[in-house]
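Enquirer: Here you go, coords_15.cif (mmCIF, C-alpha atoms and all ligand atoms):
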data_entry
loop_
_atom_site.group_PDB
_atom_site.id
_atom_site.type_symbol
_atom_site.label_atom_id
_atom_site.label_comp_id
_atom_site.auth_asym_id
_atom_site.auth_seq_id
_atom_site.Cartn_x
_atom_site.Cartn_y
_atom_site.Cartn_z
ATOM 1 C CA GLU A 265 0.000 0.000 0.000
ATOM 2 C CA PRO A 266 1.747 3.186 -1.145
ATOM 3 C CA VAL A 267 1.707 6.125 1.292
ATOM 4 C CA ILE A 268 3.560 8.420 -1.123
ATOM 5 C CA GLU A 269 3.136 8.448 -4.902
ATOM 6 C CA VAL A 270 5.059 11.020 -6.908
ATOM 7 C CA THR A 271 4.242 11.195 -10.630
ATOM 8 C CA GLU A 272 6.254 13.120 -13.233
ATOM 9 C CA LEU A 273 7.202 15.799 -10.722
ATOM 10 C CA SER A 274 9.257 18.650 -12.186
ATOM 11 C CA PHE A 275 10.465 21.742 -10.367
ATOM 12 C CA LEU A 276 12.196 24.922 -11.487
ATOM 13 C CA TYR A 277 13.783 27.371 -9.048
ATOM 14 C CA LYS A 278 13.238 31.071 -9.745
ATOM 15 C CA ASP A 279 16.692 31.411 -11.288
ATOM 16 C CA GLY A 280 15.764 28.765 -13.882
ATOM 17 C CA THR A 281 17.550 25.789 -12.282
ATOM 18 C CA ARG A 282 15.670 22.595 -13.145
ATOM 19 C CA ALA A 283 16.013 20.764 -9.827
ATOM 20 C CA LEU A 284 13.534 17.964 -10.599
ATOM 21 C CA ASP A 285 12.740 16.580 -14.033
ATOM 22 C CA LYS A 286 9.731 14.235 -14.311
ATOM 23 C CA CYS A 287 10.427 12.262 -11.133
ATOM 24 C CA SER A 288 8.126 9.327 -10.455
ATOM 25 C CA LEU A 289 8.433 7.137 -7.372
ATOM 26 C CA THR A 290 6.399 5.253 -4.780
ATOM 27 C CA ILE A 291 6.930 4.642 -1.098
ATOM 28 C CA GLU A 292 5.109 1.826 0.699
ATOM 29 C CA ARG A 293 3.646 2.033 4.187
ATOM 30 C CA GLY A 294 5.955 1.044 7.027
ATOM 31 C CA THR A 295 9.135 0.931 4.948
ATOM 32 C CA LYS A 296 12.553 2.594 5.344
ATOM 33 C CA VAL A 297 13.462 4.352 2.125
ATOM 34 C CA ALA A 298 16.759 6.017 1.213
ATOM 35 C CA ILE A 299 16.822 8.765 -1.412
ATOM 36 C CA LEU A 300 20.356 8.474 -2.720
ATOM 37 C CA GLY A 301 22.256 10.842 -4.969
ATOM 38 C CA PRO A 302 25.195 13.239 -5.104
ATOM 39 C CA ASN A 303 24.980 16.830 -3.888
ATOM 40 C CA GLY A 304 22.767 18.842 -6.188
ATOM 41 C CA SER A 305 20.836 15.836 -7.536
ATOM 42 C CA GLY A 306 17.511 17.144 -6.214
ATOM 43 C CA LYS A 307 17.073 15.212 -2.957
ATOM 44 C CA SER A 308 16.210 18.230 -0.791
ATOM 45 C CA THR A 309 13.932 19.682 -3.458
ATOM 46 C CA LEU A 310 12.018 16.396 -3.567
ATOM 47 C CA LEU A 311 11.726 16.144 0.230
ATOM 48 C CA LEU A 312 10.461 19.730 0.469
ATOM 49 C CA HIS A 313 7.508 18.702 -1.725
ATOM 50 C CA LEU A 314 6.532 15.894 0.637
ATOM 51 C CA ASN A 315 5.308 18.229 3.366
ATOM 52 C CA GLY A 316 4.233 21.123 1.196
ATOM 53 C CA ILE A 317 7.125 23.555 1.659
ATOM 54 C CA HIS A 318 7.608 23.480 -2.113
ATOM 55 C CA VAL A 319 4.344 23.836 -4.009
ATOM 56 C CA VAL A 320 3.906 21.386 -6.902
ATOM 57 C CA GLN A 321 4.529 23.136 -10.227
ATOM 58 C CA GLN A 322 4.223 20.209 -12.605
ATOM 59 C CA GLY A 323 3.238 16.584 -11.966
ATOM 60 C CA THR A 324 1.492 15.247 -8.874
ATOM 61 C CA VAL A 325 2.363 14.299 -5.309
ATOM 62 C CA LYS A 326 -0.074 12.016 -3.493
ATOM 63 C CA VAL A 327 0.224 11.378 0.227
ATOM 64 C CA LEU A 328 -2.092 8.804 1.842
ATOM 65 C CA GLU A 329 -4.132 8.871 -1.394
ATOM 66 C CA GLU A 330 -4.708 12.648 -1.218
ATOM 67 C CA THR A 331 -3.310 14.904 -3.931
ATOM 68 C CA VAL A 332 -1.078 17.481 -2.255
ATOM 69 C CA SER A 333 -1.949 21.141 -2.885
ATOM 70 C CA PRO A 334 -1.858 24.396 -0.915
ATOM 71 C CA SER A 335 -5.455 23.736 0.199
ATOM 72 C CA ASN A 336 -4.522 20.686 2.301
ATOM 73 C CA GLU A 337 -1.172 21.916 3.542
ATOM 74 C CA GLN A 338 -2.109 21.824 7.232
ATOM 75 C CA TRP A 339 -3.409 18.267 6.988
ATOM 76 C CA LEU A 340 -0.242 17.300 5.096
ATOM 77 C CA ARG A 341 2.033 18.688 7.812
ATOM 78 C CA SER A 342 0.232 16.609 10.433
ATOM 79 C CA LYS A 343 0.883 13.454 8.376
ATOM 80 C CA VAL A 344 4.426 14.098 7.136
ATOM 81 C CA GLY A 345 7.104 15.361 9.539
ATOM 82 C CA LEU A 346 10.214 16.855 7.944
ATOM 83 C CA VAL A 347 13.550 16.951 9.778
ATOM 84 C CA PHE A 348 15.887 19.452 8.093
ATOM 85 C CA GLN A 349 19.555 18.705 7.604
ATOM 86 C CA ASP A 350 20.582 21.600 9.829
ATOM 87 C CA PRO A 351 18.720 21.641 13.155
ATOM 88 C CA ASP A 352 19.374 25.391 13.405
ATOM 89 C CA ASP A 353 16.876 25.805 10.532
ATOM 90 C CA GLN A 354 14.227 24.128 12.657
ATOM 91 C CA ILE A 355 14.804 25.145 16.266
ATOM 92 C CA PHE A 356 13.649 28.634 17.228
ATOM 93 C CA SER A 357 12.064 28.663 20.659
ATOM 94 C CA GLY A 358 13.399 29.745 24.012
ATOM 95 C CA THR A 359 13.636 26.321 25.598
ATOM 96 C CA VAL A 360 13.821 22.752 24.368
ATOM 97 C CA TRP A 361 10.374 22.087 25.829
ATOM 98 C CA GLU A 362 8.807 25.086 24.058
ATOM 99 C CA ASP A 363 10.444 24.110 20.840
ATOM 100 C CA VAL A 364 9.043 20.590 20.883
ATOM 101 C CA ALA A 365 5.631 21.965 21.926
ATOM 102 C CA PHE A 366 5.470 24.356 18.960
ATOM 103 C CA GLY A 367 3.943 21.886 16.463
ATOM 104 C CA PRO A 368 1.372 20.319 18.810
ATOM 105 C CA VAL A 369 0.335 23.799 20.055
ATOM 106 C CA ASN A 370 -0.274 24.708 16.409
ATOM 107 C CA GLN A 371 -2.378 21.555 16.116
ATOM 108 C CA GLY A 372 -4.485 22.891 18.980
ATOM 109 C CA LEU A 373 -3.238 20.686 21.802
ATOM 110 C CA ARG A 374 -3.259 22.205 25.287
ATOM 111 C CA GLY A 375 -2.929 21.226 28.936
ATOM 112 C CA GLU A 376 -2.175 17.674 29.988
ATOM 113 C CA GLU A 377 -2.486 16.276 26.484
ATOM 114 C CA LEU A 378 0.193 18.705 25.297
ATOM 115 C CA GLU A 379 2.416 17.969 28.303
ATOM 116 C CA ALA A 380 2.176 14.249 27.664
ATOM 117 C CA ARG A 381 2.902 14.566 23.940
ATOM 118 C CA VAL A 382 6.008 16.708 24.514
ATOM 119 C CA ARG A 383 7.286 14.592 27.393
ATOM 120 C CA GLN A 384 6.899 11.402 25.387
ATOM 121 C CA ALA A 385 8.728 12.853 22.354
ATOM 122 C CA LEU A 386 11.604 14.132 24.511
ATOM 123 C CA ARG A 387 11.838 10.818 26.330
ATOM 124 C CA PHE A 388 11.951 8.974 23.014
ATOM 125 C CA VAL A 389 15.020 10.930 21.853
ATOM 126 C CA LYS A 390 16.527 10.763 25.370
ATOM 127 C CA MET A 391 16.454 14.543 25.844
ATOM 128 C CA GLU A 392 13.921 14.723 28.683
ATOM 129 C CA GLN A 393 16.476 16.044 31.161
ATOM 130 C CA TYR A 394 17.262 18.961 28.825
ATOM 131 C CA SER A 395 13.705 20.258 28.553
ATOM 132 C CA ARG A 396 14.402 23.571 30.372
ATOM 133 C CA LYS A 397 17.654 24.225 28.482
ATOM 134 C CA VAL A 398 18.132 26.774 25.740
ATOM 135 C CA PRO A 399 18.629 24.876 22.432
ATOM 136 C CA TYR A 400 21.411 27.286 21.448
ATOM 137 C CA HIS A 401 23.699 25.752 24.081
ATOM 138 C CA LEU A 402 23.226 22.134 23.003
ATOM 139 C CA SER A 403 25.629 20.086 20.893
ATOM 140 C CA TYR A 404 24.841 19.461 17.238
ATOM 141 C CA GLY A 405 23.684 15.903 17.920
ATOM 142 C CA GLN A 406 21.485 17.052 20.798
ATOM 143 C CA LYS A 407 19.901 19.741 18.609
ATOM 144 C CA LYS A 408 19.234 17.093 15.989
ATOM 145 C CA ARG A 409 17.424 15.028 18.606
ATOM 146 C CA VAL A 410 15.343 18.025 19.675
ATOM 147 C CA ALA A 411 14.397 18.688 16.034
ATOM 148 C CA ILE A 412 13.316 15.039 15.709
ATOM 149 C CA ALA A 413 11.336 15.276 18.959
ATOM 150 C CA GLY A 414 9.552 18.335 17.543
ATOM 151 C CA VAL A 415 8.473 16.260 14.558
ATOM 152 C CA LEU A 416 7.505 13.215 16.688
ATOM 153 C CA ALA A 417 5.374 15.414 18.928
ATOM 154 C CA MET A 418 3.084 16.022 15.923
ATOM 155 C CA ASN A 419 2.630 12.238 15.662
ATOM 156 C CA PRO A 420 3.080 12.011 11.873
ATOM 157 C CA ASP A 421 2.644 8.708 9.965
ATOM 158 C CA ILE A 422 5.602 9.516 7.735
ATOM 159 C CA ILE A 423 8.952 10.946 8.852
ATOM 160 C CA VAL A 424 11.216 12.526 6.244
ATOM 161 C CA LEU A 425 14.826 13.392 7.058
ATOM 162 C CA ASP A 426 17.372 15.298 4.971
ATOM 163 C CA GLU A 427 20.896 13.872 5.498
ATOM 164 C CA PRO A 428 20.001 12.640 9.004
ATOM 165 C CA VAL A 429 23.490 11.558 10.077
ATOM 166 C CA ALA A 430 25.560 14.296 8.418
ATOM 167 C CA PHE A 431 28.047 15.820 10.873
ATOM 168 C CA LEU A 432 27.294 13.267 13.604
ATOM 169 C CA ASP A 433 30.160 11.233 15.076
ATOM 170 C CA PRO A 434 30.007 7.415 14.686
ATOM 171 C CA ALA A 435 28.279 6.906 18.048
ATOM 172 C CA GLY A 436 25.763 9.626 17.201
ATOM 173 C CA LYS A 437 25.133 7.998 13.818
ATOM 174 C CA ARG A 438 24.506 4.596 15.411
ATOM 175 C CA ALA A 439 22.171 6.136 17.995
ATOM 176 C CA LEU A 440 20.214 7.967 15.319
ATOM 177 C CA PHE A 441 19.807 4.850 13.149
ATOM 178 C CA GLU A 442 18.682 2.939 16.224
ATOM 179 C CA LEU A 443 16.080 5.660 16.845
ATOM 180 C CA LEU A 444 14.856 5.548 13.235
ATOM 181 C CA ASP A 445 14.672 1.746 13.323
ATOM 182 C CA GLN A 446 12.673 1.930 16.552
ATOM 183 C CA LEU A 447 10.200 4.362 14.949
ATOM 184 C CA ASN A 448 9.951 2.099 11.931
ATOM 185 C CA ARG A 449 9.149 -0.889 14.171
ATOM 186 C CA GLN A 450 6.280 1.211 15.573
ATOM 187 C CA GLY A 451 4.898 1.358 12.041
ATOM 188 C CA LYS A 452 6.176 4.733 10.858
ATOM 189 C CA THR A 453 7.339 5.115 7.285
ATOM 190 C CA ILE A 454 10.836 6.619 7.231
ATOM 191 C CA VAL A 455 12.285 8.458 4.229
ATOM 192 C CA ALA A 456 15.871 9.665 4.463
ATOM 193 C CA ALA A 457 17.981 11.490 1.893
ATOM 194 C CA THR A 458 21.682 10.670 1.911
ATOM 195 C CA HIS A 459 24.683 10.766 -0.387
ATOM 196 C CA ASN A 460 26.218 7.857 1.553
ATOM 197 C CA VAL A 461 25.853 4.644 -0.481
ATOM 198 C CA ASP A 462 27.002 2.393 2.393
ATOM 199 C CA ILE A 463 24.436 3.786 4.779
ATOM 200 C CA ALA A 464 21.669 3.470 2.192
ATOM 201 C CA ALA A 465 22.635 -0.122 1.368
ATOM 202 C CA ARG A 466 22.748 -1.232 5.022
ATOM 203 C CA TRP A 467 19.735 0.638 6.303
ATOM 204 C CA ALA A 468 17.015 0.901 3.683
ATOM 205 C CA HIS A 469 14.308 -1.471 2.445
ATOM 206 C CA LYS A 470 14.134 0.558 -0.743
ATOM 207 C CA ILE A 471 16.591 2.831 -2.518
ATOM 208 C CA ILE A 472 15.645 5.600 -4.921
ATOM 209 C CA ILE A 473 18.615 6.964 -6.858
ATOM 210 C CA LEU A 474 18.472 10.553 -8.109
ATOM 211 C CA SER A 475 20.831 12.122 -10.610
ATOM 212 C CA GLU A 476 20.501 15.621 -12.033
ATOM 213 C CA GLY A 477 16.882 15.815 -10.958
ATOM 214 C CA ARG A 478 15.873 12.488 -12.470
ATOM 215 C CA VAL A 479 15.098 9.116 -10.899
ATOM 216 C CA LEU A 480 17.840 6.820 -12.229
ATOM 217 C CA ALA A 481 16.615 3.674 -10.509
ATOM 218 C CA GLN A 482 14.488 2.471 -7.612
ATOM 219 C CA GLY A 483 14.340 -0.886 -5.900
ATOM 220 C CA THR A 484 15.891 -2.972 -3.130
ATOM 221 C CA PRO A 485 19.463 -2.220 -1.967
ATOM 222 C CA ALA A 486 20.539 -5.101 -4.248
ATOM 223 C CA LEU A 487 20.309 -2.704 -7.176
ATOM 224 C CA LEU A 488 23.411 -0.954 -5.812
ATOM 225 C CA THR A 489 25.491 -4.119 -6.115
ATOM 226 C CA ASP A 490 23.824 -5.702 -9.180
ATOM 227 C CA LYS A 491 24.815 -2.799 -11.401
ATOM 228 C CA THR A 492 28.451 -2.254 -12.461
HETATM 229 P P1 LIG A 501 20.524 17.795 -3.086
HETATM 230 O O1 LIG A 501 19.611 17.861 -1.911
HETATM 231 O O2 LIG A 501 20.545 16.460 -3.759
HETATM 232 O O3 LIG A 501 21.890 18.298 -2.785
HETATM 233 P P2 LIG A 501 19.007 20.071 -4.088
HETATM 234 O O4 LIG A 501 17.581 19.675 -4.169
HETATM 235 O O5 LIG A 501 19.446 20.878 -2.909
HETATM 236 O O6 LIG A 501 19.920 18.756 -4.224
HETATM 237 O O7 LIG A 501 19.410 20.863 -5.384
HETATM 238 C C1 LIG A 501 19.007 20.481 -6.700
HETATM 239 C C2 LIG A 501 19.437 21.567 -7.671
HETATM 240 O O8 LIG A 501 18.707 22.763 -7.395
HETATM 241 C C3 LIG A 501 20.911 21.942 -7.593
HETATM 242 O O9 LIG A 501 21.332 22.279 -8.888
HETATM 243 C C4 LIG A 501 20.888 23.151 -6.689
HETATM 244 O O10 LIG A 501 21.995 23.976 -6.957
HETATM 245 C C5 LIG A 501 19.594 23.821 -7.085
HETATM 246 N N1 LIG A 501 18.992 24.621 -6.000
HETATM 247 C C6 LIG A 501 18.702 24.227 -4.739
HETATM 248 N N2 LIG A 501 18.129 25.219 -4.041
HETATM 249 C C7 LIG A 501 18.028 26.272 -4.885
HETATM 250 C C8 LIG A 501 17.520 27.603 -4.776
HETATM 251 N N3 LIG A 501 16.964 28.047 -3.637
HETATM 252 N N4 LIG A 501 17.601 28.406 -5.856
HETATM 253 C C9 LIG A 501 18.153 27.973 -7.012
HETATM 254 N N5 LIG A 501 18.642 26.740 -7.196
HETATM 255 C C10 LIG A 501 18.583 25.887 -6.143
HETATM 256 P P1 LIG A 502 30.684 7.746 7.387
HETATM 257 O O1 LIG A 502 31.521 7.259 6.230
HETATM 258 O O2 LIG A 502 29.980 9.058 7.108
HETATM 259 O O3 LIG A 502 31.399 7.738 8.697
HETATM 260 P P2 LIG A 502 29.506 5.109 7.723
HETATM 261 O O4 LIG A 502 28.890 4.439 6.553
HETATM 262 O O5 LIG A 502 30.884 4.683 8.102
HETATM 263 O O6 LIG A 502 29.445 6.716 7.524
HETATM 264 O O7 LIG A 502 28.542 4.876 8.960
HETATM 265 C C1 LIG A 502 28.753 5.603 10.151
HETATM 266 C C2 LIG A 502 28.193 4.867 11.325
HETATM 267 O O8 LIG A 502 26.794 4.621 11.138
HETATM 268 C C3 LIG A 502 28.871 3.541 11.541
HETATM 269 O O9 LIG A 502 29.326 3.492 12.879
HETATM 270 C C4 LIG A 502 27.776 2.521 11.277
HETATM 271 O O10 LIG A 502 27.889 1.422 12.158
HETATM 272 C C5 LIG A 502 26.502 3.302 11.554
HETATM 273 N N1 LIG A 502 25.385 2.727 10.796
HETATM 274 C C6 LIG A 502 25.210 2.728 9.467
HETATM 275 N N2 LIG A 502 24.069 2.100 9.137
HETATM 276 C C7 LIG A 502 23.514 1.674 10.294
HETATM 277 C C8 LIG A 502 22.309 0.944 10.637
HETATM 278 N N3 LIG A 502 21.435 0.507 9.752
HETATM 279 N N4 LIG A 502 22.053 0.712 11.934
HETATM 280 C C9 LIG A 502 22.898 1.131 12.864
HETATM 281 N N5 LIG A 502 24.048 1.815 12.616
HETATM 282 C C10 LIG A 502 24.348 2.079 11.345
#
How would this structure read if it were set down as structure tokens?
Expert:
Amino acid sequence: EPVIEVTELSFLYKDGTRALDKCSLTIERGTKVAILGPNGSGKSTLLLHLNGIHVVQQGTVKVLEETVSPSNEQWLRSKVGLVFQDPDDQIFSGTVWEDVAFGPVNQGLRGEELEARVRQALRFVKMEQYSRKVPYHLSYGQKKRVAIAGVLAMNPDIIVLDEPVAFLDPAGKRALFELLDQLNRQGKTIVAATHNVDIAARWAHKIIILSEGRVLAQGTPALLTDKT
């Protein structure tokens, strides 16, 4: 059962750069999918369509059978959580707790329900003891965890991450993959962009390879070793 279906998606930036050129791909419920490709291949541009930050110009994006458009943007953001590559692009609030509460407050949660949602998300990423801290003072890996908690607190079905382990040390990378695997075992669909072939091959159920804005291939990690 596909939860994301992208059909012939093309995207031009204002300066005329064609970042996506007729991309078609599907993502099945409950799977771990790696979007693989070199820098500049269009990974981020694709991910930004999946939660409505980029508006579809040409082609279609379907999420949970609904065609994505500006009119269902709020619904989309409750279903698809996007974790940016750089947590500083995502973390704004005074304290860790407030930051994680931002999304659920926007969804209308208040009181004990809100408390519980935020506490659970912070506990999941093992940042509960930092809830009163100012995010600015945290390490990069800790900020990354807070950004993920902010997405988890919205309880999305699908979690999309741009270069999730970039700039993390090996222990931080292992911990983050463990976290993603744990979320996947709970039934979440996980989509991660990476330029790291080894990580994609070891981690993903499905690999989608982008090159110059086009989908070169998609399939099981075996397609990385079968070719060449
Ligand atoms: P990746 O995530 O794989 O590195 P991107 O989606 O960031 O790829 O970029 C795809 C292409 O779009 C590249 O040629 C990049 O230079 C270009 N691009 C990305 N962002 C912008 C922007 N804001 N304005 C113009 N061109 C952009
Ligand atoms: P880099 O070349 O950027 O250091 P690596 O491919 O060497 O990236 O992986 C970095 C770390 O991520 C390694 O310690 C590896 O064990 C860990 N890692 C990669 N994939 C997984 C996975 N599926 N589950 C747990 N840890 C993983």
Enquirer: Counting all atoms listed in the file, which residues in chain A sit no more than 12 Å from ligand LIG 501 (chain A)? For each one, give the nearest pair of atoms and the distance in Å, sorted by chain then residue number, as a tab-separated table.
Expert:
residue	atom	partner	partner_atom	distance
A:Ser274	CA	A:LIG501	C1	11.3
A:Phe275	CA	A:LIG501	O8	8.8
A:Leu276	CA	A:LIG501	N5	8.0
A:Tyr277	CA	A:LIG501	C9	4.9
A:Lys278	CA	A:LIG501	C9	6.4
A:Asp279	CA	A:LIG501	C9	5.7
A:Gly280	CA	A:LIG501	C9	7.3
A:Thr281	CA	A:LIG501	N5	5.3
A:Arg282	CA	A:LIG501	O8	6.5
A:Ala283	CA	A:LIG501	C2	4.1
A:Leu284	CA	A:LIG501	C1	7.2
A:Asp285	CA	A:LIG501	C1	10.4
A:Ile299	CA	A:LIG501	O2	8.9
A:Leu300	CA	A:LIG501	O2	8.1
A:Gly301	CA	A:LIG501	O2	6.0
A:Pro302	CA	A:LIG501	O2	5.8
A:Asn303	CA	A:LIG501	O3	3.6
A:Gly304	CA	A:LIG501	O6	3.5
A:Ser305	CA	A:LIG501	O2	3.8
A:Gly306	CA	A:LIG501	O4	3.3
A:Lys307	CA	A:LIG501	O2	3.8
A:Ser308	CA	A:LIG501	O1	3.6
A:Thr309	CA	A:LIG501	O4	3.7
A:Leu310	CA	A:LIG501	O4	6.5
A:Leu311	CA	A:LIG501	O4	8.1
A:Leu312	CA	A:LIG501	O4	8.5
A:His313	CA	A:LIG501	O4	10.4
A:His318	CA	A:LIG501	N3	10.5
A:Phe348	CA	A:LIG501	O1	10.8
A:Gln349	CA	A:LIG501	O1	9.6
A:Leu425	CA	A:LIG501	O1	11.1
A:Asp426	CA	A:LIG501	O1	7.7
A:Glu427	CA	A:LIG501	O1	8.5
A:Ala456	CA	A:LIG501	O1	11.0
A:Ala457	CA	A:LIG501	O1	7.6
A:Thr458	CA	A:LIG501	O2	8.2
A:His459	CA	A:LIG501	O2	7.8
A:Asn460	CA	A:LIG501	O2	11.6
A:Ile472	CA	A:LIG501	O2	12.0
A:Ile473	CA	A:LIG501	O2	10.2
A:Leu474	CA	A:LIG501	O2	7.6
A:Ser475	CA	A:LIG501	O2	8.1
A:Glu476	CA	A:LIG501	C1	7.4
A:Gly477	CA	A:LIG501	C1	6.7
A:Arg478	CA	A:LIG501	C1	10.3
A:Val479	CA	A:LIG501	O2	11.6
Enquirer: Quick one: residues within 10 Å of Leu440 (chain A), only C-alpha atoms, excluding same-chain residues fewer than 3 positions away - as a PyMOL selection string?
Expert: chain A and resi 389+405+408-409+412+428-429+432+434-437+443-446
Enquirer: Could you state which residues are captured by the PyMOL selection byres (((not hetatm)) within 6 of (chain A and resi 502)) in this file, as a ChimeraX atom specification?
Expert: /A:434,437-438,441-442,462-463,466-467
Enquirer: Could you take the residues named above and write them with C-alpha atoms, as a PDB file, in the coordinates of the input?
Expert:
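Result saved to result21.pdb:
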ATOM      1  CA  PRO A 434      30.007   7.415  14.686  1.00  0.00           C
ATOM      2  CA  LYS A 437      25.133   7.998  13.818  1.00  0.00           C
ATOM      3  CA  ARG A 438      24.506   4.596  15.411  1.00  0.00           C
ATOM      4  CA  PHE A 441      19.807   4.850  13.149  1.00  0.00           C
ATOM      5  CA  GLU A 442      18.682   2.939  16.224  1.00  0.00           C
ATOM      6  CA  ASP A 462      27.002   2.393   2.393  1.00  0.00           C
ATOM      7  CA  ILE A 463      24.436   3.786   4.779  1.00  0.00           C
ATOM      8  CA  ARG A 466      22.748  -1.232   5.022  1.00  0.00           C
ATOM      9  CA  TRP A 467      19.735   0.638   6.303  1.00  0.00           C
TER      10      TRP A 467
END
Enquirer: I'd like to see the residues matched by the PyMOL selection byres (((chain A and resi 454) around 9) and not hetatm) on this file, and ideally I'd get them as a VMD selection string.
Expert: chain A and resid 294 to 298 421 to 425 444 to 445 447 to 448 452 to 453 455 to 456
Enquirer: Taking the file as I've supplied it (selection: the PyMOL selection byres (((chain A and resi 353-367) around 9) and not hetatm)), which residues are included? Please answer as a ChimeraX atom specification.
Expert: /A:342,347-352,368-373,378-379,381-383,385-386,391-392,394-400,407,410-418
Enquirer: May I ask for the distance between CA of Thr290 (chain A) and CA of Val327 (chain A), given in Å to one decimal place?
Expert: 10.0 Å
Enquirer: So which one's closest to Asn419 (chain A), A:Leu402, A:Ile471, A:Leu480, A:Val344? Using only C-alpha atoms, please.
Expert: A:Val344
Enquirer: Take CA of Asp433 (chain A) and CA of Gln406 (chain A) and report the distance between them in Å, one decimal.
Expert: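 These atoms are spaced 11.9 Å apart.
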Enquirer: So what do you get for CA of Ile317 (chain A) versus CA of Ser335 (chain A), distance-wise?
Expert: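 About the pair CA of Ile317 (chain A) and CA of Ser335 (chain A): they are 12.7 Å apart.
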Enquirer: Leaving out Glu269 (chain A) and any residue of its chain fewer than 2 positions from it, which residues lie within 8 Å of it when counting all atoms listed in the file, given as an mmCIF file with C-alpha atoms, keeping the file's coordinate frame?
Expert:
data_model
loop_
_atom_site.group_PDB
_atom_site.id
_atom_site.type_symbol
_atom_site.label_atom_id
_atom_site.label_comp_id
_atom_site.auth_asym_id
_atom_site.auth_seq_id
_atom_site.Cartn_x
_atom_site.Cartn_y
_atom_site.Cartn_z
ATOM 1 C CA PRO A 266 1.747 3.186 -1.145
ATOM 2 C CA VAL A 267 1.707 6.125 1.292
ATOM 3 C CA THR A 271 4.242 11.195 -10.630
ATOM 4 C CA SER A 288 8.126 9.327 -10.455
ATOM 5 C CA LEU A 289 8.433 7.137 -7.372
ATOM 6 C CA THR A 290 6.399 5.253 -4.780
ATOM 7 C CA ILE A 291 6.930 4.642 -1.098
ATOM 8 C CA VAL A 325 2.363 14.299 -5.309
ATOM 9 C CA LYS A 326 -0.074 12.016 -3.493
ATOM 10 C CA VAL A 327 0.224 11.378 0.227
#
Enquirer: For Pro420 (chain A), which residue among A:Gln450, A:Thr484, A:Gln321, A:Thr331 is the nearest when counting all atoms listed in the file?
Expert: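 Under the stated criterion, the closest residue is A:Gln450.
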Enquirer: Each side padded by 4 Å, which centre and which edge lengths in Å (one decimal) define the axis-aligned box around the listed atoms of region 358-364 of chain A? Give them as AutoDock Vina command-line options.
Expert:
--center_x 11.3 --center_y 25.2 --center_z 23.3 --size_x 13.0 --size_y 17.2 --size_z 13.0
